[in-house]
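Student: Before I ask anything, let me first share the structure, which is written out below as structure tokens.
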Amino acid sequence: MKDTSKYRGRAATNSVWMALSVAATVLGLGMLCLILGSLLWNGLTSLSPRVFTEMTPPPGSAGGLLNAIMGSLMMTVLGVLVGAPLGIMAGTWLAEYSAGSRLASVVRFINDILLSAPSIVIGLFIYTVAVEPVGRFSGIAGGLALGVIVIPVVLRTTEDMLRLVPTALREASYALGMTRSLVIRKVIYSAARSGIVTGILLAVARISGETAPLLFTALNNQFFSWDMTRPMSNLPYVIFQFASSPYKDSQSLAWAGAIIITMTVLVLSITARSLSSSRTS
Amino acid sequence: MVDLAMQATHAETPAADSRLKALSRFKLSDAVFGALARLSAMTVLLILSGVILSLIIGSLPTLRAYGFSFLTSQSWNPPLEKFGAAPSIYGTLVTSAIAMLIAVPVGIGVAIFLTELCPPALRRPVGIAIELLAGIPSIIYGMWGFFVLNPFLQSVLGSGLSLFTAGLVLAIMVLPFISSITRDVFDTVPPMLKESAYGLGCTRWEVIKNVIIPFTRVGIIGGVMLALGRALGETMAVTFVVGNANRISANLLDPGTTISATIANQFGEAEPGLYTSSLMTLGLLLFLVTFVVLSCARLMLMRLERRAGA
């Protein structure tokens with residue numbers, strides 16, 4: 001009799017813990033669904049063609065987000081142009097040139113830390129090197145800050161992807177008499193292309209919602225401008241500003257901006273995911 | 001013989017001459033490419049030292065003016081140039097602690113569900129959903145907290161913008177990180193170990209408690225510290241809901257501030273001089289703390305990786 005009661009006790013403990021685990025999942029996923037749900041609800045009701053065709057309005061009046069969207073696009077492009085080549089080359093060095101070197105493990109470690117370092121600190125850094133000396137906020141500074149965030153993401157994925165390329169492919173190319181850089185550029189990059197593109201897409205997804213590093217680099221601009229040497233409007237900043245405004249019009253623009261950013265991020269990460277899974281399967 | 005023959009052709013045909021030239025061109029491009037790659041890798045180190053240096057230089061005036069009392073002083077009065085970091089530090093620690101207290105058990109629960117309980121058909125979609133959610137920008141979480149959670153808590157607890165709300169939003173934000181890292185870590189447990197335990201008659205919970213968790217302890221702690229690093233440095237999710245009041249209050253339902261929220265709110269309008277420098281010092285503090293936390297996290301995860309690889 002004693003044995004069965006012990007068994008029952010164990011089974012009961014098991015059920016309790018498993019129920020807790022299911023509850024945790026329901027709670028966690030539920031909260032996240034709640035967030036997405038209210039975002040969709042508030043965002044979709046505030047989306048309208050005007051959002052994409054008009055400039056950001058003064059507080060309290062209606063308008064759109066065109067200048068903010070364009071500013072964000074331009075700074076994202078600059079960030080990728082700065083960060084992606086550096087990240088790819090650095091990842092190449094780690095994967096192809098640095099076998100077993102101590103320096104490489106230091107670089108890898110530091111990169112992993114930069115990957116999750118607080119982005120507001122990156123903003124302070126770029127402020128010190130690109131805003132303070134020049135004397136004004138600028139789109140270039142914003143792009144640079146985003147570029148600094150792109151580098152670790154691209155570096156990490158590039159290294160991982162290059163390591164997936166079979167050694168036999170390298171050996172075969174060397175046997176044909178190709179030099180190291182030719183092997184990397186013509187053979188290894190082609191074999192790992194979709195992986196590298198995945199890394200860049202993930203980096204774009206990461207920076208398209210970054211707000212903190214733009215607060216004191218790009219600042220904001222109520223008007224549209226191509227001039228990247230001046231303060232530049234951007235979606236995250238406008239969301240931050242309008243969400244804390246008391247006016248309904250501004251708040252609904254903030255929701256519209258939020259849903260634009262979230263959709264961009266989701267589309268980018270789903271594309272990246274399907275690119276990398278079609279590669280591995 | 002071969003050498004002789006090659007020399008002979010080299011002397012005779014211009015084709016061989018241009019071939020030599022092409023070879024030396026390849027050699028040059030090879031060297032340039034290698035050097036560029038090395039240089040790019042060094043920019044990573046350059047960025048880190050640049051961040052640390054610029055923050056240290058930026059905070060020198062504050063350190064000279066206040067020394068260590070900057071860390072303990074509670075006043076934050078720009079017109080009088082009196083600055084102290086204590087309320088910001090307190091808020092950062094408290095909100096992160098609340099976030100971890102909520103997110104760690106829930107996150108590990110989700111991971112247990114995903115690896116041990118989940119029907120195979122659900123495993124992939126739920127896993128993907130969690131990873132996608134980890135990518136949603138923090139400003140979205142902040143906005144949600146401000147417009148949805150804030151009025152709700154206002155009506156239930158009587159206070160909407162508070163340290164507690166900030167901790168709650170942070171918890172929801174780091175939850176996907178903790179779940180996906182813990183799930184990956186759980187997946188490194190060799191099936192043989194689990195099956196042996198089941199074969200001895202263990203229940204699921206006993207397998208988890210006695211086999212999976214001990215085997216992956218280092219990795220779980222690493223994942224939790226990684227999430228802690230995020231929570232400590234998170235800016236936008238917190239700035240929206242923490243209330244931005246520069247004070248220390250034992251009541252978690254009171255508004256407060258965090259290091260990152262103080263910087264985000266005030267840096268743009270700060271006067272040059274001690275004001276700006278104080279905010280830089282806060283940034284330095286934040287960076288040093290997250291650096292230590294993230295380093296520990298990486299070292300632990302690396303230890304697990306090495307063991308899994310061996």
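Order determines the names: the first chain of the structure tokens is A, the second B, and so forth; residues in each chain are numbered 1 upward, and ligands are numbered 1 upward as they are shown.
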I'd like the neighbourhood of A:Ser119 as a list of chain:residue names, where a residue qualifies if any of its atoms comes within 9 Å (using only C-alpha atoms), though same-chain residues fewer than 5 positions away should be ignored.

Tutor: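 Once the nearby chain positions are removed, what remains is A:Leu124, A:Ala145, A:Ile149, A:Glu210, A:Thr211, A:Ala212, A:Pro213, B:Gly233, B:Glu234, B:Thr235.
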
Student: Once you count only C-alpha atoms, which residues of chain A turn out to be within 7 Å of chain B? Could you give them as number ranges by chain?

Tutor: A: 11, 14, 17, 21-22, 24-25, 28, 35, 86, 89-90, 92-93, 107, 111, 113, 116-118, 120-121, 125, 128, 179-181, 209-210, 212, 216, 258, 262, 265-266

Student: Skip stretch 162-174 of chain A itself and residues of its chain fewer than 6 positions away, then list as a PyMOL selection string all residues within 9 Å of it, counting only C-alpha atoms.

Tutor: chain A and resi 91-92+95-96+180+182-184+187-189+191-192+195-196

Student: To test your reading of the structure, identify every residue in stretch 116-255 of chain B that backbone DSSP assigns to alpha helix (DSSP H), and report it as a VMD selection string.

Tutor: chain B and resid 120 to 134 138 to 144 150 to 156 163 to 186 191 to 199 204 to 207 213 to 233 236 to 241

Student: Considering only C-alpha atoms, return as an NGL selection string whatever protein or nucleic-acid residues lie within 7 Å of B:Gly84, sequence-local ones (same chain, fewer than 4 positions apart) excluded.

Tutor: :B and (70-76)

Student: Those same residues - N, CA and C atoms - I'd like them written as a PDB file, in the first residue's frame.

Tutor:
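Output (result-v8.pdb):
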```pdb
ATOM      1  N   PHE B  70      28.825  60.824  -6.278  1.00  0.00           N
ATOM      2  CA  PHE B  70      27.873  60.821  -7.392  1.00  0.00           C
ATOM      3  C   PHE B  70      26.984  59.578  -7.328  1.00  0.00           C
ATOM      4  N   LEU B  71      27.586  58.473  -6.908  1.00  0.00           N
ATOM      5  CA  LEU B  71      26.845  57.213  -6.870  1.00  0.00           C
ATOM      6  C   LEU B  71      25.802  57.187  -5.761  1.00  0.00           C
ATOM      7  N   THR B  72      26.042  57.929  -4.686  1.00  0.00           N
ATOM      8  CA  THR B  72      25.158  57.809  -3.522  1.00  0.00           C
ATOM      9  C   THR B  72      24.216  58.992  -3.369  1.00  0.00           C
ATOM     10  N   SER B  73      24.529  60.088  -4.045  1.00  0.00           N
ATOM     11  CA  SER B  73      23.691  61.273  -3.871  1.00  0.00           C
ATOM     12  C   SER B  73      22.331  61.076  -4.537  1.00  0.00           C
ATOM     13  N   GLN B  74      21.294  61.608  -3.887  1.00  0.00           N
ATOM     14  CA  GLN B  74      19.943  61.409  -4.400  1.00  0.00           C
ATOM     15  C   GLN B  74      19.410  62.612  -5.158  1.00  0.00           C
ATOM     16  N   SER B  75      20.097  63.737  -5.075  1.00  0.00           N
ATOM     17  CA  SER B  75      19.515  64.941  -5.679  1.00  0.00           C
ATOM     18  C   SER B  75      19.844  64.992  -7.163  1.00  0.00           C
ATOM     19  N   TRP B  76      18.918  65.531  -7.932  1.00  0.00           N
ATOM     20  CA  TRP B  76      19.146  65.699  -9.368  1.00  0.00           C
ATOM     21  C   TRP B  76      18.542  67.052  -9.711  1.00  0.00           C
TER      22      TRP B  76
END
```

Student: What is the distance, in Å and to one decimal place, between atom CA of A:Thr76 and atom CA of A:Gln222?

Tutor: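 One can read the atom CA of A:Thr76 to atom CA of A:Gln222 distance as 18.7 Å.
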
Student: Residues at most 10 Å from A:Met74, counting only C-alpha atoms, excluding those fewer than 6 positions away in the same chain, as a PyMOL selection string?

Tutor: chain A and resi 68+80+139-140+142-143+226+228+232+234

Student: Out of A:Ser208, A:Ser38, A:Thr13, A:Ser98, which residue has the shortest atom-to-atom distance to A:Ile261 when counting only C-alpha atoms?

Tutor: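 Ranked by minimum distance to A:Ile261, first place goes to A:Ser208.
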
Student: Looking at B:Leu168, B:Val211, B:Ala85, B:Ala65, which one is nearest to B:Asn150, with distances taken over only C-alpha atoms?

Tutor: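 Among the listed residues, B:Leu168 lies closest to B:Asn150.
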